[in-house]
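Visitor: Enclosed is the structure file structure09.cif (mmCIF, C-alpha atoms).
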data_entry
loop_
_atom_site.label_atom_id
_atom_site.label_comp_id
_atom_site.auth_asym_id
_atom_site.auth_seq_id
_atom_site.Cartn_x
_atom_site.Cartn_y
_atom_site.Cartn_z
CA MET H 69 -17.43 -14.45 -16.17
CA GLN H 70 -15.40 -17.46 -17.22
CA ALA H 71 -12.81 -19.01 -14.95
CA ALA H 72 -9.17 -18.46 -15.81
CA GLN H 73 -7.60 -21.28 -17.78
CA PRO H 74 -4.30 -22.93 -16.77
CA SER H 75 -1.53 -20.44 -17.05
CA ALA H 76 0.70 -20.35 -20.10
CA VAL H 77 3.88 -19.21 -18.39
CA GLN H 78 7.00 -18.15 -20.19
CA ALA H 79 10.09 -18.71 -18.04
CA THR H 80 12.89 -16.18 -17.78
CA ASP H 81 16.27 -16.35 -16.10
CA SER H 82 14.95 -15.30 -12.68
CA GLY H 83 11.21 -15.74 -12.67
CA ALA H 84 8.08 -16.05 -14.82
CA THR H 85 5.98 -13.80 -17.03
CA GLN H 86 2.22 -14.30 -17.12
CA VAL H 87 0.27 -12.64 -19.91
CA ARG H 88 -3.50 -12.30 -19.47
CA TRP H 89 -6.28 -10.75 -21.48
CA VAL H 90 -8.86 -9.25 -19.13
CA SER H 91 -12.30 -8.15 -20.23
CA ALA H 92 -15.69 -7.69 -18.61
CA THR H 93 -16.61 -11.32 -19.34
CA THR H 94 -13.42 -13.35 -19.33
CA VAL H 95 -9.80 -13.81 -18.30
CA GLU H 96 -7.61 -15.48 -20.90
CA GLU H 97 -4.09 -16.78 -20.42
CA HIS H 98 -1.62 -16.13 -23.24
CA GLY H 99 2.09 -16.12 -24.00
CA TRP H 100 4.39 -13.20 -24.66
CA ALA H 101 4.15 -13.75 -28.41
CA ASP H 102 0.47 -12.79 -28.26
CA VAL H 103 0.96 -9.43 -26.53
CA GLU H 104 1.14 -7.30 -29.67
CA SER H 105 -2.04 -8.77 -31.14
CA LEU H 106 -3.83 -8.51 -27.80
CA LEU H 107 -3.04 -4.79 -27.59
CA ALA H 108 -4.84 -4.31 -30.90
CA ARG H 109 -8.11 -5.73 -29.57
CA PRO H 110 -10.86 -3.11 -29.19
CA GLU H 111 -12.32 -4.45 -25.92
CA GLY H 112 -10.55 -5.33 -22.67
CA PHE H 113 -6.88 -4.90 -21.83
CA VAL H 114 -3.63 -6.79 -21.31
CA TRP H 115 -2.33 -7.66 -17.84
CA ILE H 116 1.31 -8.76 -17.72
CA ASP H 117 2.54 -10.01 -14.35
CA VAL H 118 6.31 -10.49 -13.96
CA VAL H 119 8.02 -12.13 -10.99
CA GLU H 120 11.52 -10.73 -10.41
CA CYS H 121 12.09 -9.11 -13.76
CA ASP H 122 15.56 -9.64 -15.24
CA GLU H 123 17.58 -7.66 -17.80
CA PRO H 124 16.26 -9.49 -20.89
CA GLY H 125 12.69 -9.15 -19.63
CA ALA H 126 13.12 -5.44 -18.98
CA GLN H 127 14.66 -4.93 -22.42
CA ARG H 128 11.77 -6.82 -24.01
CA MET H 129 9.20 -4.61 -22.25
CA GLY H 130 11.14 -1.50 -23.17
CA ASP H 131 11.26 -2.46 -26.85
CA LEU H 132 7.54 -3.23 -27.04
CA PHE H 133 6.08 -0.45 -24.88
CA GLY H 134 8.79 2.22 -25.16
CA PHE H 135 9.32 2.57 -21.41
CA HIS H 136 11.90 5.03 -20.14
CA GLY H 137 15.28 3.53 -19.24
CA LEU H 138 15.17 4.95 -15.70
CA ALA H 139 11.81 3.28 -15.09
CA LEU H 140 13.18 -0.03 -16.30
CA ARG H 141 16.21 0.42 -14.05
CA ASP H 142 13.86 1.00 -11.11
CA VAL H 143 12.15 -2.29 -11.94
CA LEU H 144 15.46 -4.15 -11.80
CA ASP H 145 16.88 -2.45 -8.69
CA ARG H 146 15.50 -2.48 -5.18
CA SER H 147 13.74 0.74 -4.22
CA HIS H 148 13.17 1.71 -0.58
CA LEU H 149 10.87 4.62 -1.41
CA PRO H 150 7.47 4.54 -3.13
CA LYS H 151 7.36 6.78 -6.17
CA ILE H 152 5.28 7.83 -9.14
CA HIS H 153 6.37 9.05 -12.57
CA ALA H 154 3.97 10.32 -15.21
CA TYR H 155 4.81 9.79 -18.87
CA ALA H 156 2.92 10.77 -22.00
CA ASP H 157 0.92 7.55 -22.29
CA HIS H 158 1.33 5.75 -18.96
CA LEU H 159 2.02 6.03 -15.24
CA PHE H 160 4.82 4.25 -13.42
CA LEU H 161 4.39 3.45 -9.71
CA ILE H 162 6.43 1.77 -6.99
CA LEU H 163 4.67 0.66 -3.81
CA HIS H 164 5.51 -1.61 -0.87
CA ALA H 165 3.61 -4.15 1.18
CA PRO H 166 4.82 -5.23 4.64
CA GLU H 167 5.96 -8.72 5.57
CA ALA H 168 7.05 -9.63 9.08
CA ALA H 169 10.64 -10.80 9.55
CA GLU H 170 12.72 -11.26 12.68
CA ALA H 171 11.81 -9.06 15.64
CA GLY H 172 12.06 -5.37 14.79
CA HIS H 173 12.46 -5.88 11.03
CA VAL H 174 9.83 -5.56 8.31
CA HIS H 175 10.42 -6.68 4.73
CA LEU H 176 9.43 -4.15 2.07
CA VAL H 177 7.78 -6.30 -0.59
CA GLU H 178 8.04 -4.20 -3.74
CA LEU H 179 5.37 -3.96 -6.43
CA ASP H 180 6.03 -1.92 -9.59
CA GLN H 181 3.25 -0.96 -12.01
CA PHE H 182 3.05 0.44 -15.53
CA ILE H 183 -0.52 1.67 -16.05
CA GLY H 184 -1.39 2.40 -19.68
CA ARG H 185 -4.58 2.95 -21.65
CA ASN H 186 -4.97 -0.72 -22.61
CA TYR H 187 -2.44 -2.52 -20.44
CA LEU H 188 -1.28 -3.02 -16.87
CA ILE H 189 2.17 -4.42 -16.15
CA THR H 190 2.97 -5.51 -12.60
CA THR H 191 6.45 -6.61 -11.56
CA HIS H 192 7.57 -8.02 -8.21
CA GLY H 193 10.95 -7.76 -6.54
CA PRO H 194 13.83 -7.92 -6.27
CA LEU H 195 12.88 -10.22 -3.38
CA SER H 196 14.64 -10.05 -0.04
CA VAL H 197 16.05 -13.17 1.57
CA GLY H 198 13.18 -14.82 3.38
CA VAL H 199 10.45 -13.45 1.06
CA SER H 200 8.89 -16.15 -1.09
CA VAL H 201 7.34 -15.73 -4.52
CA GLU H 202 3.96 -16.57 -3.00
CA THR H 203 4.36 -13.70 -0.53
CA ALA H 204 5.44 -11.25 -3.23
CA THR H 205 2.51 -12.13 -5.51
CA ARG H 206 -0.11 -12.37 -2.75
CA GLU H 207 -2.10 -9.32 -3.85
CA THR H 208 -2.01 -10.02 -7.58
CA SER H 209 -2.96 -13.67 -7.01
CA TYR H 210 -5.80 -12.60 -4.72
CA VAL H 211 -7.19 -10.15 -7.28
CA LEU H 212 -6.82 -12.71 -10.09
CA GLY H 213 -8.82 -15.19 -8.02
CA LYS H 214 -11.58 -12.62 -7.48
CA ILE H 215 -11.76 -11.85 -11.20
CA ALA H 216 -11.73 -15.52 -12.17
CA GLY H 217 -14.40 -16.28 -9.57
CA GLY H 218 -16.71 -13.55 -10.81
CA ARG H 219 -16.41 -11.50 -7.59
CA LEU H 220 -14.64 -8.58 -9.28
CA GLN H 221 -15.01 -6.87 -12.64
CA ALA H 222 -12.09 -4.72 -13.74
CA GLU H 223 -13.03 -3.05 -17.00
CA THR H 224 -9.94 -0.83 -17.26
CA PRO H 225 -6.27 -1.18 -16.27
CA PHE H 226 -6.71 1.51 -13.62
CA GLU H 227 -9.57 -0.37 -11.98
CA LEU H 228 -7.41 -3.50 -11.84
CA SER H 229 -4.52 -1.48 -10.38
CA TYR H 230 -6.92 -0.03 -7.80
CA ALA H 231 -7.99 -3.53 -6.72
CA ILE H 232 -4.38 -4.64 -6.30
CA VAL H 233 -3.35 -1.53 -4.34
CA ALA H 234 -6.46 -1.81 -2.16
CA ALA H 235 -5.26 -5.31 -1.27
CA ILE H 236 -1.87 -3.83 -0.33
CA ALA H 237 -3.59 -1.30 1.94
CA HIS H 238 -5.56 -4.18 3.47
CA ARG H 239 -2.32 -6.07 4.12
CA GLN H 240 -0.89 -3.00 5.85
CA GLY H 241 -4.00 -2.78 8.03
CA GLY H 242 -3.83 -6.48 8.88
CA TYR H 243 -0.18 -6.22 9.84
CA LEU H 244 -1.02 -3.22 12.02
CA SER H 245 -3.65 -5.29 13.83
CA THR H 246 -1.02 -7.93 14.59
CA LEU H 247 1.32 -5.28 15.98
CA ALA H 248 -1.48 -3.78 18.06
CA SER H 249 -2.01 -7.17 19.73
CA LYS H 250 1.69 -7.29 20.59
CA VAL H 251 1.52 -3.77 22.01
CA ALA H 252 -1.39 -4.79 24.25
CA ALA H 253 0.51 -7.86 25.48
CA LEU H 254 3.60 -5.81 26.35
CA GLU H 255 1.50 -3.16 28.09
CA THR H 256 -0.09 -5.88 30.23
CA ALA H 257 3.32 -7.31 31.12
CA VAL H 258 4.62 -3.86 32.13
CA ARG H 259 1.57 -3.07 34.28
CA ALA H 260 1.88 -6.45 35.97
CA GLY H 261 5.46 -5.62 36.93
CA ASP H 262 6.87 -8.68 35.15
CA GLU H 263 10.56 -7.77 35.25
CA ARG H 264 12.23 -11.16 35.39
CA ASP H 265 14.22 -10.16 32.31
CA PRO H 266 14.05 -6.33 32.16
CA GLU H 267 16.65 -6.03 29.40
CA LYS H 268 14.71 -8.37 27.10
CA LEU H 269 11.43 -6.63 27.92
CA LEU H 270 12.79 -3.18 27.12
CA GLU H 271 14.37 -4.44 23.90
CA SER H 272 11.04 -5.99 22.84
CA MET H 273 9.28 -2.67 23.37
CA PHE H 274 11.79 -0.69 21.33
CA LEU H 275 11.77 -3.26 18.50
CA LEU H 276 7.98 -3.22 18.37
CA ARG H 277 7.99 0.57 18.24
CA HIS H 278 10.41 0.34 15.32
CA GLU H 279 8.04 -2.00 13.46
CA LEU H 280 5.19 0.45 14.00
CA LEU H 281 7.35 3.30 12.74
CA THR H 282 8.29 1.30 9.62
CA LEU H 283 4.67 0.50 8.84
CA ARG H 284 3.58 4.07 9.50
CA THR H 285 6.25 5.38 7.12
CA MET H 286 5.24 2.87 4.46
CA ALA H 287 1.56 3.85 4.62
CA ALA H 288 2.29 7.59 4.72
CA GLN H 289 4.57 7.40 1.68
CA SER H 290 2.00 5.35 -0.24
CA ARG H 291 -0.58 8.01 0.58
CA GLU H 292 1.75 10.70 -0.78
CA VAL H 293 2.08 8.77 -4.05
CA TYR H 294 -1.68 8.82 -4.59
CA GLU H 295 -1.98 12.42 -3.44
CA ARG H 296 0.47 13.24 -6.19
CA MET H 297 -1.48 11.11 -8.66
CA SER H 298 -4.70 13.02 -7.86
CA ALA H 299 -3.00 16.20 -9.08
CA LEU H 300 -2.21 14.66 -12.48
CA THR H 301 -5.66 15.49 -13.81
CA ARG H 302 -4.62 15.33 -17.47
CA MET H 303 -2.80 12.02 -17.08
CA ILE H 304 -5.39 9.88 -15.30
CA PRO H 305 -8.50 8.26 -16.84
CA PRO H 306 -12.02 9.55 -16.06
CA GLU H 307 -12.78 6.69 -13.64
CA ALA H 308 -9.63 7.34 -11.58
CA PRO H 309 -10.44 10.29 -9.21
CA PRO H 310 -12.88 8.46 -6.86
CA LEU H 311 -10.64 5.39 -6.81
CA ILE H 312 -7.61 7.53 -6.00
CA ALA H 313 -9.53 9.30 -3.23
CA ASP H 314 -10.48 5.94 -1.72
CA LEU H 315 -6.86 4.74 -1.74
CA VAL H 316 -5.70 7.99 -0.17
CA ASN H 317 -8.27 7.47 2.58
CA ARG H 318 -7.21 3.84 3.10
CA PHE H 319 -3.53 4.70 3.49
CA GLU H 320 -4.37 7.70 5.64
CA ARG H 321 -6.35 5.53 8.04
CA VAL H 322 -3.44 3.10 8.37
CA THR H 323 -1.08 6.03 8.94
CA HIS H 324 -3.21 7.56 11.70
CA ALA H 325 -3.83 4.20 13.37
CA ALA H 326 -0.11 3.41 13.28
CA ASP H 327 0.59 6.83 14.80
CA GLY H 328 -1.79 6.05 17.63
CA GLU H 329 -0.26 2.64 18.33
CA LYS H 330 3.24 4.09 18.14
CA ASP H 331 2.37 6.82 20.62
CA PHE H 332 0.75 4.26 22.91
CA MET H 333 3.86 2.07 22.71
CA GLN H 334 6.01 5.10 23.52
CA GLY H 335 3.80 5.80 26.53
CA VAL H 336 4.32 2.24 27.77
CA ILE H 337 8.08 2.64 27.31
CA ASP H 338 8.06 5.97 29.17
CA PHE H 339 6.04 4.45 32.02
CA TYR H 340 8.42 1.50 32.28
CA GLN H 341 11.52 3.68 32.20
CA ALA H 342 10.06 6.16 34.71
CA ARG H 343 9.17 3.38 37.13
CA THR H 344 12.60 1.79 36.75
CA SER H 345 14.32 5.16 37.20
CA THR H 346 12.26 5.88 40.32
CA ARG H 347 13.20 2.54 41.81
CA MET H 348 16.85 3.22 41.10
CA ASN H 349 16.63 6.65 42.71
CA ILE H 350 15.01 5.19 45.83
CA ALA H 351 17.70 2.52 46.02
CA MET H 352 20.43 5.14 45.68
CA GLU H 353 18.84 7.27 48.43
CA ARG H 354 18.78 4.30 50.76
CA LEU H 355 22.38 3.45 50.02
CA ALA H 356 23.33 7.08 50.62
CA LEU H 357 21.40 6.99 53.93
CA ILE H 358 23.22 3.87 55.05
CA ALA H 359 26.56 5.44 54.16
CA ALA H 360 25.70 8.65 56.02
CA VAL H 361 24.59 6.82 59.15
CA VAL H 362 27.62 4.55 59.43
CA LEU H 363 30.18 7.18 58.40
CA PRO H 364 30.78 8.61 61.93
CA VAL H 365 30.95 5.11 63.39
CA THR H 366 33.40 4.08 60.70
CA ALA H 367 35.55 7.15 61.39
CA ILE H 368 35.76 6.45 65.15
CA ALA H 369 36.44 2.76 64.56
CA SER H 370 39.17 3.67 62.09
CA VAL H 371 40.94 5.88 64.61
CA TYR H 372 40.87 3.21 67.29
CA GLY H 373 42.03 0.65 64.82
CA MET H 374 45.20 2.57 63.93
CA ASN H 375 48.57 1.26 64.97
CA LEU H 376 49.25 4.68 66.54
CA ILE H 377 47.17 3.66 69.55
CA VAL H 378 48.59 0.62 71.26
CA GLY H 379 46.79 -0.79 74.26
CA GLN H 380 48.08 -3.58 76.47
CA ARG H 381 44.73 -4.16 78.12
CA THR H 382 41.05 -3.38 77.63
CA ASP H 383 39.90 -0.15 79.24
CA VAL H 384 36.29 -1.01 79.98
CA VAL H 385 35.30 2.56 80.86
CA GLN H 386 36.81 3.96 77.69
CA LEU H 387 35.20 1.16 75.62
CA VAL H 388 31.77 1.90 77.08
CA ILE H 389 32.19 5.62 76.42
CA VAL H 390 33.24 5.03 72.80
CA LEU H 391 30.40 2.61 72.14
CA ALA H 392 27.92 4.97 73.75
CA PHE H 393 29.23 7.84 71.64
CA MET H 394 28.88 5.70 68.49
CA GLY H 395 25.31 4.84 69.42
CA LEU H 396 24.51 8.48 70.14
CA VAL H 397 25.94 9.63 66.81
CA THR H 398 24.03 6.90 64.92
CA ALA H 399 20.77 7.79 66.68
CA GLY H 400 21.33 11.46 65.96
CA MET H 401 21.96 10.75 62.25
CA LEU H 402 18.83 8.60 62.03
CA ALA H 403 16.73 11.27 63.72
CA TRP H 404 18.06 13.96 61.38
CA THR H 405 17.43 11.89 58.22
CA ARG H 406 13.94 11.09 59.48
CA ARG H 407 13.22 14.77 59.97
CA MET H 408 14.52 15.42 56.44
CA GLY H 409 12.06 12.81 55.08
CA TRP H 410 14.70 10.47 53.67
CA TRP H 411 13.00 7.41 55.13
#
Could the structure of this file be written out as structure tokens, please?
Guide:
Amino acid sequence: MQAAQPSAVQATDSGATQVRWVSATTVEEHGWADVESLLARPEGFVWIDVVECDEPGAQRMGDLFGFHGLALRDVLDRSHLPKIHAYADHLFLILHAPEAAEAGHVHLVELDQFIGRNYLITTHGPLSVGVSVETATRETSYVLGKIAGGRLQAETPFELSYAIVAAIAHRQGGYLSTLASKVAALETAVRAGDERDPEKLLESMFLLRHELLTLRTMAAQSREVYERMSALTRMIPPEAPPLIADLVNRFERVTHAADGEKDFMQGVIDFYQARTSTRMNIAMERLALIAAVVLPVTAIASVYGMNLIVGQRTDVVQLVIVLAFMGLVTAGMLAWTRRMGWW
């Protein structure tokens, strides 16, 4: 297989369009003007990769390939849900790859695909703030490198799409591994009783659980897309069923693993909250015990401290009796609370 030549890139208002001819023996770089002639070739297929498609680019694709207006609108607008639409001569898919952002937030890096008999069109974006073009095109660039290096042969558009989506599933699994390491670190901190900043620790646990939930949802929805595709028996090429089954399995594994990590993280949170709640209950019991013990003493002292009783001199006998009574009441309260098991 020949190495890919330097890219002939046609700039648009908001990104770039890369046109490639992919066959079993070569990858050729072309411009948009060559697309129509390339589609007429008997061997191989066209791969068009678009970064942040704009209105003119969408119109140009619609005019040449006859794509539905709603599909083109989905390409231009951000979509938070994966989806699949089957048309007479092609499939349209929307998938997401995860990218870490600030704590608790995960970027949904969108990849749209038009899969036809002799073409594959991939579009990226719109890109969120903080997501670079390199991040958005990571999977397509990786697959292109494998094809150019002779490590992958994609003889049909669906096989190329499979390779790209498999890379997305791999990115989801890698991100899950990173989150699992964070879960283990937090679990260690909780078991060690490191509560120098309990509010920050609890917030970190909830934010990490949210990241796991986001990733789990992403993988589960991607799995549903390919489950739906497997039912489109008349719309998919003959080589598709085993590839679809493999992608379903990949996304399912990420989903189940994310479920396990999420449940484990919830268990750590429950343990932390239960231990904190128990400590608070014990503290409240002790405060209540102190209040109960000193209440009689406080009552007697309050009576003798009233202005209603005016003494000109200290009555030693009376003082001894009062103090003895206070001590007796306190000892009685302590004995009773001890018998009740309060301390």
Visitor: Residue by residue, what does the PyMOL selection byres ((chain H and resi 294-304) around 12) grab here? Present the result as JSON, numbers by chain.
Guide: {"H": [150, 151, 152, 153, 154, 155, 156, 157, 158, 159, 160, 161, 162, 163, 183, 184, 185, 224, 225, 226, 227, 230, 233, 234, 287, 288, 289, 290, 291, 292, 293, 305, 306, 307, 308, 309, 310, 311, 312, 313, 314, 315, 316, 317, 318, 319, 320]}
Visitor: Restricting the calculation to only C-alpha atoms, which member of H:Val336, H:Leu132, H:Leu144, H:Ala84 is positioned closest to Glu104 (chain H)?
Guide: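 Checking each candidate against Glu104 (chain H), we get H:Leu132 as the closest.
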Visitor: On this file, the PyMOL selection byres ((chain H and resi 279) around 8) gives some set of residues; write that set as a list in words.
Guide: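 Applying the expression gives Gly172, His173, Val174, Leu247, Leu275, Leu276, Arg277, His278, Leu280, Leu281, Thr282 and Leu283 of chain H.
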Visitor: Could you tell me how far CA of Gly241 (chain H) sits from CA of Ala325 (chain H), in Å to one decimal place?
Guide: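 Going from CA of Ala325 (chain H) over to CA of Gly241 (chain H), I get 8.8 Å.
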Visitor: Using only C-alpha atoms, which of H:Lys330, H:Asn186, H:Glu207, H:Ala351 sits nearest Gly112 (chain H)?
Guide: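 Of H:Lys330, H:Asn186, H:Glu207, H:Ala351, the one nearest Gly112 (chain H), counting only C-alpha atoms, is H:Asn186.
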Visitor: Take the point (9.3, 1.9, 26.7) as written in the file and pick out every residue within 9 Å of it, counting all atoms listed in the file; give the list as a compact mmCIF listing (two decimals) with C-alpha atoms, in the frame of the given file.
Guide:
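And here's part-v5.txt as it stands now:
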# COMPACT_ATOMS: atom_id res chain seq x y z
CA LEU H 269 11.43 -6.63 27.92
CA LEU H 270 12.79 -3.18 27.12
CA GLU H 271 14.37 -4.44 23.90
CA SER H 272 11.04 -5.99 22.84
CA MET H 273 9.28 -2.67 23.37
CA PHE H 274 11.79 -0.69 21.33
CA ARG H 277 7.99 0.57 18.24
CA MET H 333 3.86 2.07 22.71
CA GLN H 334 6.01 5.10 23.52
CA GLY H 335 3.80 5.80 26.53
CA VAL H 336 4.32 2.24 27.77
CA ILE H 337 8.08 2.64 27.31
CA ASP H 338 8.06 5.97 29.17
CA PHE H 339 6.04 4.45 32.02
CA TYR H 340 8.42 1.50 32.28
CA GLN H 341 11.52 3.68 32.20
Visitor: Hey, can you check how far CA of Leu107 (chain H) sits from CA of Trp89 (chain H)?
Guide: 9.1 Å
Visitor: The PyMOL selection byres ((chain H and resi 86) around 6) on the file shown: which residues, as a PDB file with C-alpha atoms, in the frame of the given file?
Guide:
ATOM      1  CA  VAL H  77       3.880 -19.210 -18.390  1.00  0.00           C
ATOM      2  CA  THR H  85       5.980 -13.800 -17.030  1.00  0.00           C
ATOM      3  CA  VAL H  87       0.270 -12.640 -19.910  1.00  0.00           C
ATOM      4  CA  ILE H 116       1.310  -8.760 -17.720  1.00  0.00           C
ATOM      5  CA  ASP H 117       2.540 -10.010 -14.350  1.00  0.00           C
TER       6      ASP H 117
END
Visitor: Taking all atoms listed in the file into account, which of H:Tyr210, H:Phe182, H:Phe393, H:Trp100 comes nearest Val143 (chain H)?
Guide: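 Answer, going by the shortest atom-to-atom distance: H:Phe182.
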Visitor: Nearest residue to Ala126 (chain H) out of H:Val114, H:Arg321, H:His175, H:Asp145, using only C-alpha atoms?
Guide: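 Among the listed residues, H:Asp145 lies closest to Ala126 (chain H).
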Visitor: Give me, please, the distance in Å between CA of Ala92 (chain H) and CA of Pro110 (chain H), quoted to one decimal.
Guide: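 Pair CA of Ala92 (chain H) / CA of Pro110 (chain H) returns 12.5 Å.
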Visitor: Could you list as a CSV table (one decimal) with C-alpha atoms, in the frame of the given file every residue that has an atom within 8 Å of (15.5, -12.2, 4.6), using the file's coordinates and counting all atoms listed in the file?
Guide:
chain,number,residue,atom,x,y,z
H,169,ALA,CA,10.6,-10.8,9.6
H,175,HIS,CA,10.4,-6.7,4.7
H,196,SER,CA,14.6,-10.0,0.0
H,197,VAL,CA,16.0,-13.2,1.6
H,198,GLY,CA,13.2,-14.8,3.4
H,199,VAL,CA,10.4,-13.4,1.1
Visitor: Let me know the centre plus edge lengths, in Å and rounded to one decimal, of a box with edges along x, y and z that contains all listed atoms of region 232-245 of chain H and is padded by 5 Å on every side, as JSON.
Guide:
{"center_x": -3.3, "center_y": -3.9, "center_z": 3.8, "size_x": 16.3, "size_y": 15.2, "size_z": 30.1}
Visitor: So, counting only C-alpha atoms, which residue among H:Ala367, H:Ile236, H:Arg347, H:Ala248 is closest to Asp331 (chain H)?
Guide: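 Among H:Ala367, H:Ile236, H:Arg347, H:Ala248, it is H:Ala248 that comes nearest to Asp331 (chain H).
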Visitor: Given all atoms listed in the file as the basis, pick out the residue of H:Met129, H:Ala399, H:Val384, H:Val119 nearest to Glu178 (chain H).
Guide: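 Looking only at the distances to Glu178 (chain H), the closest residue turns out to be H:Val119.
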Visitor: Should you be able to, write region 325-337 of chain H of this structure into a file that contains N, CA and C atoms, as a PDB file, in the first residue's frame.
Guide:
ATOM      1  N   ALA H 325     -18.875  -1.875  32.128  1.00  0.00           N
ATOM      2  CA  ALA H 325     -17.752  -1.473  32.986  1.00  0.00           C
ATOM      3  C   ALA H 325     -18.031  -0.130  33.658  1.00  0.00           C
ATOM      4  N   ALA H 326     -18.625   0.792  32.908  1.00  0.00           N
ATOM      5  CA  ALA H 326     -18.972   2.088  33.501  1.00  0.00           C
ATOM      6  C   ALA H 326     -20.032   1.928  34.589  1.00  0.00           C
ATOM      7  N   ASP H 327     -20.977   1.018  34.376  1.00  0.00           N
ATOM      8  CA  ASP H 327     -21.974   0.734  35.414  1.00  0.00           C
ATOM      9  C   ASP H 327     -21.294   0.248  36.690  1.00  0.00           C
ATOM     10  N   GLY H 328     -20.333  -0.668  36.518  1.00  0.00           N
ATOM     11  CA  GLY H 328     -19.639  -1.187  37.688  1.00  0.00           C
ATOM     12  C   GLY H 328     -18.873  -0.111  38.440  1.00  0.00           C
ATOM     13  N   GLU H 329     -18.157   0.737  37.703  1.00  0.00           N
ATOM     14  CA  GLU H 329     -17.401   1.815  38.355  1.00  0.00           C
ATOM     15  C   GLU H 329     -18.337   2.827  39.007  1.00  0.00           C
ATOM     16  N   LYS H 330     -19.464   3.090  38.354  1.00  0.00           N
ATOM     17  CA  LYS H 330     -20.421   4.043  38.924  1.00  0.00           C
ATOM     18  C   LYS H 330     -21.015   3.498  40.219  1.00  0.00           C
ATOM     19  N   ASP H 331     -21.359   2.214  40.217  1.00  0.00           N
ATOM     20  CA  ASP H 331     -21.890   1.601  41.435  1.00  0.00           C
ATOM     21  C   ASP H 331     -20.842   1.587  42.548  1.00  0.00           C
ATOM     22  N   PHE H 332     -19.591   1.313  42.169  1.00  0.00           N
ATOM     23  CA  PHE H 332     -18.523   1.326  43.163  1.00  0.00           C
ATOM     24  C   PHE H 332     -18.340   2.724  43.747  1.00  0.00           C
ATOM     25  N   MET H 333     -18.383   3.737  42.873  1.00  0.00           N
ATOM     26  CA  MET H 333     -18.260   5.117  43.340  1.00  0.00           C
ATOM     27  C   MET H 333     -19.422   5.481  44.252  1.00  0.00           C
ATOM     28  N   GLN H 334     -20.626   5.007  43.924  1.00  0.00           N
ATOM     29  CA  GLN H 334     -21.776   5.271  44.778  1.00  0.00           C
ATOM     30  C   GLN H 334     -21.607   4.581  46.124  1.00  0.00           C
ATOM     31  N   GLY H 335     -21.015   3.378  46.131  1.00  0.00           N
ATOM     32  CA  GLY H 335     -20.754   2.699  47.395  1.00  0.00           C
ATOM     33  C   GLY H 335     -19.777   3.465  48.264  1.00  0.00           C
ATOM     34  N   VAL H 336     -18.749   4.054  47.642  1.00  0.00           N
ATOM     35  CA  VAL H 336     -17.794   4.868  48.396  1.00  0.00           C
ATOM     36  C   VAL H 336     -18.492   6.094  48.980  1.00  0.00           C
ATOM     37  N   ILE H 337     -19.359   6.712  48.178  1.00  0.00           N
ATOM     38  CA  ILE H 337     -20.103   7.884  48.661  1.00  0.00           C
ATOM     39  C   ILE H 337     -21.007   7.497  49.827  1.00  0.00           C
TER      40      ILE H 337
END
